[in-house]
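Enquirer: What follows is model_15.cif, mmCIF, C-alpha atoms.
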data_start
loop_
_atom_site.group_PDB
_atom_site.id
_atom_site.type_symbol
_atom_site.label_atom_id
_atom_site.label_comp_id
_atom_site.auth_asym_id
_atom_site.auth_seq_id
_atom_site.Cartn_x
_atom_site.Cartn_y
_atom_site.Cartn_z
ATOM 1 C CA MET A 95 -7.838 4.005 2.269
ATOM 2 C CA ILE A 96 -7.306 4.455 5.979
ATOM 3 C CA ASP A 97 -9.986 6.346 7.923
ATOM 4 C CA LEU A 98 -7.703 8.965 9.466
ATOM 5 C CA GLN A 99 -10.340 10.138 11.946
ATOM 6 C CA LEU A 100 -10.812 6.573 13.169
ATOM 7 C CA LEU A 101 -7.052 6.161 13.475
ATOM 8 C CA GLU A 102 -6.809 9.353 15.515
ATOM 9 C CA HIS A 103 -9.685 8.164 17.702
ATOM 10 C CA LEU A 104 -8.008 4.820 18.320
ATOM 11 C CA GLU A 105 -4.644 6.397 19.081
ATOM 12 C CA ALA A 106 -6.345 8.401 21.840
ATOM 13 C CA HIS A 107 -6.820 5.066 23.636
ATOM 14 C CA LEU A 108 -3.091 4.350 23.645
ATOM 15 C CA THR A 109 -0.774 5.461 26.395
ATOM 16 C CA SER A 110 1.623 8.227 25.418
ATOM 17 C CA GLU A 111 4.488 5.760 25.888
ATOM 18 C CA ARG A 112 2.940 3.201 23.527
ATOM 19 C CA LYS A 113 2.161 5.822 20.900
ATOM 20 C CA ALA A 114 5.725 7.159 21.058
ATOM 21 C CA ARG A 115 7.021 3.598 20.717
ATOM 22 C CA PHE A 116 4.894 3.024 17.617
ATOM 23 C CA ASP A 117 6.224 6.274 16.124
ATOM 24 C CA ALA A 118 9.833 5.290 16.735
ATOM 25 C CA VAL A 119 9.513 1.721 15.478
ATOM 26 C CA ILE A 120 7.473 2.419 12.364
ATOM 27 C CA SER A 121 9.915 5.098 11.206
ATOM 28 C CA ASN A 122 12.588 2.387 11.111
ATOM 29 C CA ARG A 123 10.557 -0.272 9.307
ATOM 30 C CA THR A 124 11.527 -1.298 5.770
ATOM 31 C CA LYS A 125 10.440 -3.543 2.922
ATOM 32 C CA HIS A 126 13.596 -2.777 0.954
ATOM 33 C CA PHE A 127 14.968 -5.987 2.438
ATOM 34 C CA THR A 128 13.008 -9.076 3.352
ATOM 35 C CA VAL A 129 13.759 -12.623 4.482
ATOM 36 C CA ALA A 130 12.608 -16.072 3.378
ATOM 37 C CA THR A 131 13.086 -19.359 5.238
ATOM 38 C CA GLU A 132 12.847 -22.641 3.339
ATOM 39 C CA ASP A 133 11.435 -25.651 5.193
ATOM 40 C CA VAL A 134 13.307 -24.934 8.405
ATOM 41 C CA TYR A 135 12.736 -28.032 10.566
ATOM 42 C CA GLN A 136 13.458 -26.707 14.043
ATOM 43 C CA LEU A 137 10.549 -24.474 14.988
ATOM 44 C CA HIS A 138 12.615 -22.299 17.322
ATOM 45 C CA ASN A 139 14.934 -21.377 14.419
ATOM 46 C CA THR A 140 12.113 -19.884 12.336
ATOM 47 C CA SER A 141 10.767 -18.095 15.394
ATOM 48 C CA ALA A 142 14.198 -16.678 16.194
ATOM 49 C CA VAL A 143 14.566 -15.405 12.608
ATOM 50 C CA ILE A 144 11.227 -13.597 12.944
ATOM 51 C CA ARG A 145 12.437 -12.039 16.167
ATOM 52 C CA SER A 146 15.631 -10.820 14.441
ATOM 53 C CA CYS A 147 13.570 -9.331 11.620
ATOM 54 C CA ASP A 148 11.548 -7.350 14.132
ATOM 55 C CA VAL A 149 14.695 -6.202 15.953
ATOM 56 C CA PHE A 150 16.355 -4.940 12.758
ATOM 57 C CA GLY A 151 13.241 -3.376 11.221
ATOM 58 C CA ILE A 152 12.378 -5.941 8.534
ATOM 59 C CA GLN A 153 8.616 -5.752 8.086
ATOM 60 C CA GLU A 154 7.952 -8.895 6.041
ATOM 61 C CA VAL A 155 9.062 -12.507 6.461
ATOM 62 C CA HIS A 156 8.350 -15.197 3.868
ATOM 63 C CA ILE A 157 8.018 -18.749 5.175
ATOM 64 C CA VAL A 158 8.126 -21.680 2.760
ATOM 65 C CA GLU A 159 6.574 -24.827 4.253
ATOM 66 C CA GLU A 160 6.817 -27.321 1.424
ATOM 67 C CA ARG A 161 7.776 -30.202 3.721
ATOM 68 C CA ASN A 162 7.356 -28.849 7.232
ATOM 69 C CA SER A 163 4.235 -27.003 8.299
ATOM 70 C CA LYS A 164 4.323 -25.849 11.912
ATOM 71 C CA ARG A 165 2.922 -23.028 13.971
ATOM 72 C CA ILE A 166 5.285 -20.234 15.013
ATOM 73 C CA ASP A 167 6.716 -20.789 18.464
ATOM 74 C CA ARG A 168 5.243 -17.882 20.422
ATOM 75 C CA GLU A 169 7.659 -18.251 23.305
ATOM 76 C CA ILE A 170 10.764 -17.969 21.119
ATOM 77 C CA ALA A 171 9.361 -15.204 18.909
ATOM 78 C CA MET A 172 8.395 -13.335 22.104
ATOM 79 C CA GLY A 173 5.437 -11.646 20.458
ATOM 80 C CA SER A 174 7.387 -10.387 17.446
ATOM 81 C CA GLN A 175 4.999 -12.230 15.109
ATOM 82 C CA LYS A 176 2.452 -9.541 16.012
ATOM 83 C CA TRP A 177 4.630 -6.781 14.627
ATOM 84 C CA VAL A 178 6.093 -8.513 11.560
ATOM 85 C CA ASP A 179 4.014 -9.548 8.543
ATOM 86 C CA LEU A 180 4.272 -13.293 7.895
ATOM 87 C CA LYS A 181 3.712 -14.494 4.336
ATOM 88 C CA ARG A 182 3.400 -18.277 4.095
ATOM 89 C CA PHE A 183 3.906 -20.375 0.959
ATOM 90 C CA HIS A 184 3.485 -24.072 0.212
ATOM 91 C CA THR A 185 6.155 -24.154 -2.484
ATOM 92 C CA VAL A 186 9.464 -22.437 -3.218
ATOM 93 C CA LYS A 187 8.267 -21.694 -6.749
ATOM 94 C CA GLU A 188 5.236 -19.820 -5.435
ATOM 95 C CA CYS A 189 7.363 -17.799 -3.004
ATOM 96 C CA ILE A 190 10.001 -16.836 -5.571
ATOM 97 C CA LYS A 191 7.346 -15.873 -8.115
ATOM 98 C CA SER A 192 5.742 -13.531 -5.574
ATOM 99 C CA LEU A 193 9.067 -11.979 -4.611
ATOM 100 C CA LYS A 194 10.126 -11.417 -8.216
ATOM 101 C CA ALA A 195 6.756 -9.831 -8.995
ATOM 102 C CA ASN A 196 7.417 -7.353 -6.184
ATOM 103 C CA GLY A 197 10.846 -6.409 -7.524
ATOM 104 C CA TYR A 198 13.088 -8.428 -5.204
ATOM 105 C CA GLN A 199 16.324 -10.075 -6.203
ATOM 106 C CA ILE A 200 16.854 -13.518 -4.685
ATOM 107 C CA VAL A 201 19.922 -13.728 -2.442
ATOM 108 C CA ALA A 202 20.986 -17.254 -1.521
ATOM 109 C CA THR A 203 22.850 -17.230 1.782
ATOM 110 C CA THR A 204 25.276 -20.052 1.075
ATOM 111 C CA PRO A 205 28.885 -20.552 -0.003
ATOM 112 C CA HIS A 206 29.034 -20.773 -3.794
ATOM 113 C CA GLU A 207 31.665 -20.491 -6.464
ATOM 114 C CA ASN A 208 30.209 -17.104 -7.453
ATOM 115 C CA ASP A 209 29.486 -15.914 -3.938
ATOM 116 C CA GLN A 210 30.351 -12.579 -2.383
ATOM 117 C CA LEU A 211 31.283 -11.636 1.146
ATOM 118 C CA LEU A 212 28.803 -9.781 3.316
ATOM 119 C CA ALA A 213 31.040 -6.697 3.399
ATOM 120 C CA ASP A 214 30.828 -6.438 -0.410
ATOM 121 C CA PHE A 215 27.056 -6.807 -0.736
ATOM 122 C CA ASP A 216 25.337 -4.064 -2.770
ATOM 123 C CA ILE A 217 22.451 -2.725 -0.663
ATOM 124 C CA HIS A 218 20.854 -0.662 -3.433
ATOM 125 C CA LYS A 219 18.702 -3.451 -4.882
ATOM 126 C CA LYS A 220 15.564 -4.680 -3.162
ATOM 127 C CA SER A 221 16.638 -8.067 -1.833
ATOM 128 C CA CYS A 222 15.218 -11.164 -0.223
ATOM 129 C CA PHE A 223 17.699 -13.184 1.824
ATOM 130 C CA PHE A 224 16.938 -16.905 1.622
ATOM 131 C CA PHE A 225 17.903 -19.208 4.503
ATOM 132 C CA GLY A 226 17.660 -22.989 4.152
ATOM 133 C CA ARG A 227 17.172 -26.141 6.173
ATOM 134 C CA GLU A 228 19.413 -26.786 9.148
ATOM 135 C CA THR A 229 21.330 -29.758 7.730
ATOM 136 C CA GLU A 230 20.688 -29.584 3.983
ATOM 137 C CA GLY A 231 20.841 -25.852 3.369
ATOM 138 C CA LEU A 232 18.970 -24.273 0.479
ATOM 139 C CA SER A 233 17.336 -26.437 -2.177
ATOM 140 C CA GLN A 234 18.676 -26.593 -5.710
ATOM 141 C CA GLU A 235 15.535 -24.783 -6.818
ATOM 142 C CA VAL A 236 16.474 -21.712 -4.762
ATOM 143 C CA LEU A 237 20.113 -21.902 -5.844
ATOM 144 C CA ASP A 238 19.087 -22.036 -9.500
ATOM 145 C CA ALA A 239 16.737 -19.063 -9.100
ATOM 146 C CA ALA A 240 19.191 -16.954 -7.092
ATOM 147 C CA ASP A 241 20.438 -13.679 -8.531
ATOM 148 C CA CYS A 242 23.462 -13.712 -6.224
ATOM 149 C CA TYR A 243 25.077 -15.740 -3.447
ATOM 150 C CA LEU A 244 26.141 -14.343 -0.091
ATOM 151 C CA LYS A 245 28.360 -15.735 2.639
ATOM 152 C CA ILE A 246 29.530 -14.661 6.063
ATOM 153 C CA PRO A 247 33.328 -14.865 6.398
ATOM 154 C CA MET A 248 34.432 -17.478 8.930
ATOM 155 C CA VAL A 249 37.953 -18.244 10.158
ATOM 156 C CA GLY A 250 37.349 -21.046 12.646
ATOM 157 C CA PHE A 251 37.087 -24.834 12.375
ATOM 158 C CA THR A 252 33.289 -24.647 12.187
ATOM 159 C CA GLU A 253 32.112 -24.104 8.629
ATOM 160 C CA SER A 254 28.529 -23.020 9.260
ATOM 161 C CA LEU A 255 26.350 -21.032 11.626
ATOM 162 C CA ASN A 256 22.889 -21.662 12.990
ATOM 163 C CA ILE A 257 20.278 -20.194 10.640
ATOM 164 C CA SER A 258 19.013 -17.691 13.212
ATOM 165 C CA VAL A 259 22.562 -16.514 13.969
ATOM 166 C CA SER A 260 23.297 -16.111 10.248
ATOM 167 C CA ALA A 261 20.108 -14.112 9.765
ATOM 168 C CA ALA A 262 20.918 -11.798 12.673
ATOM 169 C CA ILE A 263 24.462 -11.124 11.445
ATOM 170 C CA ILE A 264 23.369 -10.403 7.878
ATOM 171 C CA LEU A 265 20.389 -8.247 8.825
ATOM 172 C CA GLN A 266 22.360 -6.183 11.330
ATOM 173 C CA ASP A 267 24.990 -5.468 8.700
ATOM 174 C CA VAL A 268 22.744 -4.615 5.735
ATOM 175 C CA THR A 269 20.175 -2.578 7.689
ATOM 176 C CA ASN A 270 22.927 -0.571 9.361
ATOM 177 C CA LYS A 271 24.357 0.295 5.944
ATOM 178 C CA LEU A 272 20.871 1.003 4.587
ATOM 179 C CA ARG A 273 20.123 3.604 7.264
ATOM 180 C CA ARG A 274 23.372 5.407 6.505
ATOM 181 C CA SER A 275 22.604 5.516 2.780
ATOM 182 C CA ASP A 276 20.532 7.902 0.651
ATOM 183 C CA ILE A 277 18.210 5.075 -0.461
ATOM 184 C CA GLU A 278 14.482 5.613 0.100
ATOM 185 C CA TRP A 279 14.087 2.542 2.297
ATOM 186 C CA GLN A 280 11.270 3.484 4.669
ATOM 187 C CA LEU A 281 7.656 2.369 4.349
ATOM 188 C CA SER A 282 5.454 4.658 2.277
ATOM 189 C CA GLU A 283 3.096 7.006 4.110
ATOM 190 C CA GLN A 284 0.142 4.756 3.270
ATOM 191 C CA GLU A 285 2.000 1.650 4.440
ATOM 192 C CA GLN A 286 2.865 3.349 7.712
ATOM 193 C CA LEU A 287 -0.768 4.293 8.307
ATOM 194 C CA GLU A 288 -1.939 0.762 7.525
ATOM 195 C CA LYS A 289 0.669 -0.751 9.806
ATOM 196 C CA ARG A 290 -0.126 1.699 12.605
ATOM 197 C CA LEU A 291 -3.806 0.658 12.443
ATOM 198 C CA ASP A 292 -2.821 -3.017 12.374
ATOM 199 C CA TRP A 293 -0.601 -2.656 15.442
ATOM 200 C CA ILE A 294 -3.326 -0.792 17.327
ATOM 201 C CA SER A 295 -5.787 -3.611 16.562
ATOM 202 C CA LYS A 296 -3.316 -6.056 18.128
ATOM 203 C CA THR A 297 -2.702 -3.835 21.150
ATOM 204 C CA LEU A 298 -6.150 -2.712 22.321
ATOM 205 C CA LYS A 299 -8.084 -5.597 23.883
ATOM 206 C CA SER A 300 -11.362 -3.723 23.337
ATOM 207 C CA TYR A 301 -10.476 -2.758 19.745
ATOM 208 C CA ASP A 302 -13.640 -4.152 18.102
ATOM 209 C CA GLY A 303 -15.888 -2.509 20.686
ATOM 210 C CA ILE A 304 -14.149 0.866 20.328
ATOM 211 C CA VAL A 305 -14.517 0.762 16.536
ATOM 212 C CA ALA A 306 -18.180 -0.262 16.773
ATOM 213 C CA ARG A 307 -18.979 2.580 19.185
ATOM 214 C CA TYR A 308 -17.061 5.049 17.006
ATOM 215 C CA TYR A 309 -19.196 4.278 13.930
ATOM 216 C CA GLN A 310 -22.360 4.179 16.019
ATOM 217 C CA GLU A 311 -21.636 7.706 17.252
ATOM 218 C CA ILE A 312 -21.021 8.890 13.684
ATOM 219 C CA LYS A 313 -24.381 7.473 12.560
ATOM 220 C CA SER A 314 -26.221 9.153 15.429
ATOM 221 C CA THR A 315 -24.784 12.609 14.673
#
Write out the structure in this file as structure tokens.
Expert:
Amino acid sequence: MIDLQLLEHLEAHLTSERKARFDAVISNRTKHFTVATEDVYQLHNTSAVIRSCDVFGIQEVHIVEERNSKRIDREIAMGSQKWVDLKRFHTVKECIKSLKANGYQIVATTPHENDQLLADFDIHKKSCFFFGRETEGLSQEVLDAADCYLKIPMVGFTESLNISVSAAIILQDVTNKLRRSDIEWQLSEQEQLEKRLDWISKTLKSYDGIVARYYQEIKST
């Protein structure tokens, strides 16, 4: 459980502008949708996907690094990795098992004989959008485990989009529809409190010292 008095004490160290920003952003965060990237080779692509997730209010990103294991490019992500929860997996099987256990359907973002257009996607189910490798796309393992297949309509000579562009288009569309719906998509009250405390810890440079002094004062009273 979150120590609400500690949280209030810590928030007193934030500027009014920063606190208002936290309030606005956290009210738009969701775990109804999430994203998974599978062995994306180009580091800047994964980082750009994380940035898009932050922009469109997706709180969790799942990163499968079965073949490629690289640090997140801080310059491309532009600090968004601080605000989005990164869940890393060594295998696709492990990632899918975790997602299924948390009630997510697996959405393979790839053309398929049973695919559906983005405009027709049903937003009511908790969904994880899987994006694959730059040249190979999603693995057969993901395709076999997918509950549905989603594609972005294209009318040009080019038959595919960069992974980060695809993620941005899909997330903008589904989150926009989600916020206009009657679905309970926001983080729970407890999740919001936990995330608020997490963000404060990443914002205040003297966080550890402030917390230590707070508990010291409690002990002395």
Enquirer: Mind giving me the straight-line distance from CA of Val158 (chain A) to CA of Asp209 (chain A) in Å, one decimal?
Expert: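 CA of Asp209 (chain A) lies 23.1 Å from CA of Val158 (chain A).
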Enquirer: Taking all atoms listed in the file into account, name the residue in A:Gly303, A:Gly226, A:Gly151, A:Pro205 that is nearest to Gln136 (chain A).
Expert: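 Between A:Gly303, A:Gly226, A:Gly151, A:Pro205, the residue approaching Gln136 (chain A) most closely is A:Gly226.
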Enquirer: Applying the PyMOL selection byres ((chain A and resi 207) around 12) to the file I just gave you, which residues come out? Please list them as a compact mmCIF listing (two decimals) with C-alpha atoms, in the coordinates of the input.
Expert:
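As a result, expr38.txt now contains:
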# COMPACT_ATOMS: atom_id res chain seq x y z
CA THR A 204 25.28 -20.05 1.08
CA PRO A 205 28.88 -20.55 0.00
CA HIS A 206 29.03 -20.77 -3.79
CA ASN A 208 30.21 -17.10 -7.45
CA ASP A 209 29.49 -15.91 -3.94
CA GLN A 210 30.35 -12.58 -2.38
CA LEU A 211 31.28 -11.64 1.15
CA LEU A 237 20.11 -21.90 -5.84
CA CYS A 242 23.46 -13.71 -6.22
CA TYR A 243 25.08 -15.74 -3.45
CA LEU A 244 26.14 -14.34 -0.09
CA LYS A 245 28.36 -15.74 2.64
Enquirer: Counting only C-alpha atoms, I want the residues whose atoms come within 7 Å of (21.0, -22.2, -1.6) in the file frame, returned as a short mmCIF file (atom, residue, chain, number, x, y, z; two decimals) with C-alpha atoms, in the frame of the given file.
Expert:
data_model
loop_
_atom_site.label_atom_id
_atom_site.label_comp_id
_atom_site.auth_asym_id
_atom_site.auth_seq_id
_atom_site.Cartn_x
_atom_site.Cartn_y
_atom_site.Cartn_z
CA ALA A 202 20.99 -17.25 -1.52
CA THR A 203 22.85 -17.23 1.78
CA THR A 204 25.28 -20.05 1.08
CA GLY A 226 17.66 -22.99 4.15
CA GLY A 231 20.84 -25.85 3.37
CA LEU A 232 18.97 -24.27 0.48
CA SER A 233 17.34 -26.44 -2.18
CA GLN A 234 18.68 -26.59 -5.71
CA VAL A 236 16.47 -21.71 -4.76
CA LEU A 237 20.11 -21.90 -5.84
#
Enquirer: With only C-alpha atoms as the counted atoms, please give the residues lying no more than 12 Å from Phe116 (chain A), apart from itself and same-chain residues fewer than 2 positions off, as a ChimeraX atom specification.
Expert: /A:105,108-114,118-123,177,286-287,289-294,297
Enquirer: Hey, can you pull every residue with an atom no more than 12 Å from (-14.7, 5.6, 6.7), using all atoms listed in the file, and send it as a list in words?
Expert: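 The answer, in the requested form, is Met95, Ile96, Asp97, Leu98, Gln99, Leu100, Leu101, Val305, Tyr308, Tyr309, Ile312 and Lys313 of chain A.
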Enquirer: By how many Å are CA of Gln175 (chain A) and CA of Leu255 (chain A) apart?
Expert: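 Going from CA of Gln175 (chain A) over to CA of Leu255 (chain A) covers 23.4 Å.
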